[in-house]
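First the structure, in the form of C-alpha cells, and then the observations on it.
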Amino acid sequence: MIVSSELSLETVLLAGYVFSSSLLNIVALFISSFYQHRLHQPSPQAGFVIAVLFSFVYIFLLFFGTPGSMVASIVSVVSLLVYGITSSYSILMLFFTMRNVRK
C-alpha cells in the first residue's frame, strides 16, 4: 500500500472526526444490544454495524487511496453518504425504541 503523500492536518482532523462519530455509533450499538437482550425490545443493530464499517472504509481511503483517482473518490463519497444515512436512521430508530420502553 502506498500512503498518500498529501497527509495534512485537514486529513487527520477529518479522519478523527469520522472515527469519533464511529465510536459513538459503537456506543449506540451497545445500547441497542442492551435493549434487545435485557428488555426484549426490537431495536436496530445492523444499521450501526454498517455505519461503522463504511466509516472505516472512508478512513482507509482517506489515508491509503491514490490521490486523483476517480474510483477512489467515488467510493469515498458513497461510503461517507452510506455512513451518514445509516447512522442517522439507526440513531433515530433507537431513539423511538427508547422512548417507548415496555418493562
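Going by the C-alpha cells order, chains are called A, B, ..., each with residues numbered from 1, while ligands are numbered from 1 in the order shown.
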
Find the residues around Val75 of chain A up to 12 Å (only C-alpha atoms counted), leave out those fewer than 4 positions away in its own chain, and share them as a short mmCIF file (atom, residue, chain, number, x, y, z; two decimals) with C-alpha atoms, in the first residue's frame.
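Output file around.cif follows:
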```
data_model
loop_
_atom_site.label_atom_id
_atom_site.label_comp_id
_atom_site.auth_asym_id
_atom_site.auth_seq_id
_atom_site.Cartn_x
_atom_site.Cartn_y
_atom_site.Cartn_z
CA PHE A 54 -18.41 2.26 5.96
CA SER A 55 -16.71 4.81 8.22
CA VAL A 57 -13.76 2.25 4.56
CA TYR A 58 -13.82 6.05 4.29
CA ILE A 59 -10.92 6.47 6.72
CA PHE A 60 -8.93 3.79 4.89
CA LEU A 61 -9.49 5.52 1.55
CA LEU A 62 -8.64 8.88 3.11
CA GLY A 65 -6.37 5.98 -1.50
CA THR A 66 -4.48 7.18 -4.52
CA SER A 69 -8.16 8.56 -8.61
CA MET A 70 -11.74 8.86 -9.81
CA VAL A 71 -12.75 5.43 -8.48
CA SER A 79 -19.11 5.36 1.73
CA LEU A 80 -19.46 8.69 3.54
CA LEU A 81 -23.06 9.06 2.34
CA VAL A 82 -23.98 5.50 3.34
CA TYR A 83 -22.30 6.05 6.69
#
```

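Nearest to Ser87 of chain A of all the residues A:Ala72, A:Ile31, A:Ile26, A:Val12 is A:Ile26, counting only C-alpha atoms.
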
**OP:** Report the distance between atom CA of Gly68 of chain A and atom CA of Ile50 of chain A in Å, rounded to one decimal place.
**Re:**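 Between these atoms lies a distance of 26.7 Å.
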
Subject >> Non-local contacts of Ser21 of chain A (10 Å; only C-alpha atoms; under 2 positions in same chain excluded) as a list in words >> reply: Ala15, Gly16, Tyr17, Val18, Phe19, Leu23, Leu24, Asn25, Ile26, Val27, Ala51, Val52, Ser55, Gly84 and Ser87 of chain A

Original post:
Please, which residues of chain A, numbered as in this document, come out alpha helix (DSSP H) from DSSP, as a PyMOL selection string?
Top reply: chain A and resi 9-37+46-64+70-99

**OP:** Quick one: everything within 12 Å of Phe34 of chain A, counting only C-alpha atoms, minus sequence neighbours fewer than 3 positions away in the same chain. Send it as a PyMOL selection string.
**Re:** chain A and resi 27-31+37-45+94+97-98

**OP:** Provide the atom CA of Ser90 of chain A to atom CA of Gly47 of chain A distance in Å, to one decimal place.
**Re:** 5.5 Å

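If you look at atom CA of Ser33 of chain A and atom CA of Leu14 of chain A, they are 28.6 Å away from each other.
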